[in-house]
Structures are given as structure tokens and as C-alpha cells.
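Here is the structure we will look at.
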Amino acid sequence: MPELPEVETVARQLAPLVSGRVVERLEILDRRLGRIRTSLRGLRISTVSRVGKQLVVELCGPPRRTRSTGAKGHASDAADRLWLAVHLRMTGRLLWTPAGRAPPREHLRARLILAGGELSFVDLRRLGTLRIHRSRDALQAVGVEPLAAQLTSRVLADLLAGSAQPIKPWLLRQDRLLGIGNIYASEILHRAHIHPERPAGSLGATEARRLWLAVRQVLRAAIRHCGTTISDFQDARGRAGSFQRRLAVYGREGEPCRRCGGPVERRVQAGRSSYFCGRCQR
DNA sequence: GGGTACCTGAAA
DNA sequence: TTTCAGGTACCC
């Protein structure tokens, strides 16, 4: 479910709600998430942000004693700062419930209990992940953030160069651009007038520039509308996004293209549906 | 590169 | 009953 705009929406909402709050404990309810040995008790949330499609809760606290050190034990600076990375995958939600209100119970997989409320990790399909990182480097993905100033149209053109992979599955690669998923890949290519089966490396300079613009315009617009809710996505307060009303092609097979009136087609690429207008995407 | 598995549920 | 789903890890 959640691509960059949905995750960004959740991060922006959570940051002011939970920053500064102290952790009571982390409860893992689904053993599929694995064991987390590190105690988070007493750590304070400094901020919530997004890296690619991951939500990152930054925690800091006073130096603590590590339990794994020998009999004496000693204060460890390394424990001073931790990052809790949550990947929502297909159906994950991170929901904020202030103290005094009832947190969700259905499909609840983990809870981060804080002073004044709790963050509930709800995930119907149980594909989501939750990990603790001890360094910021562990979070840095190889791909480029598509909304960062670093991504110029020139940088994008260089990334595309030489690739024979069709552009639609290319856009889903998280080792190139971060955060684009199946909905926005189709929407971006429609806006850029580019056919999803074009080899990535075959795009000329003008097309690469159009693609670059479309990436930024579509993602920014989707963030403004708090993401796309087809069936599952909810923001930190449990509300749906609204960008689904503005989708140009995704999920609209057989309906008329909003730009030229031609029929929207659906084709499977690398096992995933692509939607496009064969008349105005070349 | 693409196919498949992972997991659960809704819809066709 | 079968197909499909916003993601990605692992297999050739």
C-alpha cells in the first residue's frame, strides 16, 4: 500500500504528535517480526522521518549499561541513539492513539507504548517489518530520494543511461530512485507521456526531463492530498488519503484517458499491473 | 532481468 | 473458486 507519499504523510503527522515523548516499552505481538532484544525504555523520541518507503523513529537517551558486557558492565555511548525503522510493505499502518482512547486491536502486530499515548503497528498481511538500527548509515539506502535537490534531470538521465529494462519496472527499483511504487510509477509515466515498455536507456534528453518533472509533480501532488487510499492505506490518525480521486490511469482499465479520451490499458510487467494510455504514451 | 513466495482478505 | 492487491527478498 504505502509508497513515498503515504509514508511521508504518516511521518509528517507523527513527528509533532510523538516527538519529545519518552518510551515505556516496545511490545512485539507477532513473532514474524522477530525478537527485538534492545530495551527502548526511557529513550526519548527526537523525531519521525521517512527514508524511501520506511518510517524512521529516532530515539535518544542517556548512556545506558549494556547487559551483554562482562560481569562488571560499563556505560556504553553506542546505546545513546537508536533508530526504529518501520516498513509498512503492503498493508501496514502506524497509528497514534492518545492516552485515554482505545488503541486498535484488529491485526495489531506491535505497540510502542509512550508517555501519553501509543503507536500501534497494525498490519493485515503481516508483510511489514520493524528493525532497530544503531547507526544512521544502516538506514541510508543506495537509491536517490526523488524529491531531493540532488536529483536533477541530468542525474536522472545518467541513472537511466544504458539500461535495457522497461521504464515501468525500472521506476520500481529502490536501488535507483527511492519510494516510487506501483501506483505512482504508472501515474508518473502517464504524466510524462512515456510508454511503460520503453527501455529506460532509450529515453532521449527531452523525455528524461519530462520524466524528471513528472516524478516530482506527481509525488508532490500526492503528498498534498495525503496519499492514495485504494482499500488499506490509513494515515497516523486512521484517515484515508484522497489522491485516488485524481489518479489518471491506475486502476482505470477500459476507462477513457483523462487527457486524450483513448482507452486506458492494463498490461502485466514483471508480475505487476501497469496502466497506461496507448494513444498518448509513446 | 523475471518468476515466485511471503500473508490475508476482498472481489470477480 | 480463482484472481488480485500499495512491497521486496530470494531463486535462476
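Residue numbers start at 1 in each chain; chains themselves are named A, B, ... in the order of the C-alpha cells; ligands are numbered from 1 in the order shown.
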If you run DSSP on this backbone, which residues of segment 9-191 of chain A come out as alpha helix (DSSP H), and could you give them as a PyMOL selection string? chain A and resi 9-18+153-160+167-172+182-191
Select, as a PDB file with N, CA and C atoms, in the first residue's frame, those residues of chain A with any atom no more than 9 Å from chain B (distances computed using only C-alpha atoms (C1' of nucleotides)).
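Saved to iface_30.pdb:
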```pdb
ATOM      1  N   LEU A 124      -2.478  -6.105   8.353  1.00  0.00           N
ATOM      2  CA  LEU A 124      -3.306  -7.252   7.982  1.00  0.00           C
ATOM      3  C   LEU A 124      -2.478  -8.406   7.399  1.00  0.00           C
ATOM      4  N   ARG A 125      -1.690  -8.122   6.392  1.00  0.00           N
ATOM      5  CA  ARG A 125      -0.998  -9.217   5.700  1.00  0.00           C
ATOM      6  C   ARG A 125       0.315  -9.638   6.357  1.00  0.00           C
ATOM      7  N   ARG A 126       0.726  -8.946   7.351  1.00  0.00           N
ATOM      8  CA  ARG A 126       1.916  -9.316   8.123  1.00  0.00           C
ATOM      9  C   ARG A 126       3.196  -9.328   7.301  1.00  0.00           C
ATOM     10  N   LEU A 127       3.243  -8.505   6.266  1.00  0.00           N
ATOM     11  CA  LEU A 127       4.458  -8.450   5.460  1.00  0.00           C
ATOM     12  C   LEU A 127       5.383  -7.333   5.944  1.00  0.00           C
ATOM     13  N   GLN A 165      16.190  -2.247 -19.321  1.00  0.00           N
ATOM     14  CA  GLN A 165      14.974  -2.622 -18.590  1.00  0.00           C
ATOM     15  C   GLN A 165      13.821  -1.687 -18.970  1.00  0.00           C
ATOM     16  N   GLN A 269       3.735  -6.354 -16.219  1.00  0.00           N
ATOM     17  CA  GLN A 269       5.182  -6.281 -16.422  1.00  0.00           C
ATOM     18  C   GLN A 269       5.857  -6.735 -15.144  1.00  0.00           C
ATOM     19  N   ALA A 270       6.775  -7.675 -15.277  1.00  0.00           N
ATOM     20  CA  ALA A 270       7.482  -8.204 -14.105  1.00  0.00           C
ATOM     21  C   ALA A 270       6.491  -8.575 -13.005  1.00  0.00           C
ATOM     22  N   GLY A 271       5.378  -9.163 -13.414  1.00  0.00           N
ATOM     23  CA  GLY A 271       4.418  -9.668 -12.441  1.00  0.00           C
ATOM     24  C   GLY A 271       3.517  -8.626 -11.813  1.00  0.00           C
TER      25      GLY A 271
END
```
Would you mind listing, for every residue of chain C within 12 Å of chain A, the two atoms forming the shortest contact and the distance between them in Å to one decimal, using only C-alpha atoms (C1' of nucleotides), sorted by chain and ascending residue number, as a Markdown table?
```
| residue | atom | partner | partner_atom | distance |
| --- | --- | --- | --- | --- |
| C:DC4 | C1' | A:Ser273 | CA | 9.8 |
| C:DA5 | C1' | A:Met90 | CA | 8.1 |
| C:DG6 | C1' | A:Met1 | CA | 2.5 |
| C:DG7 | C1' | A:Arg89 | CA | 4.9 |
| C:DT8 | C1' | A:Arg89 | CA | 8.1 |
| C:DA9 | C1' | A:Leu127 | CA | 11.5 |
```
When DSSP works through the backbone of this structure, what residues of segment 215-275 of chain A end up as strand (DSSP E), shown as a count of residues only? 10
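From atom CA of Gln234 of chain A back to atom CA of Arg41 of chain A, the distance works out to 27.6 Å.
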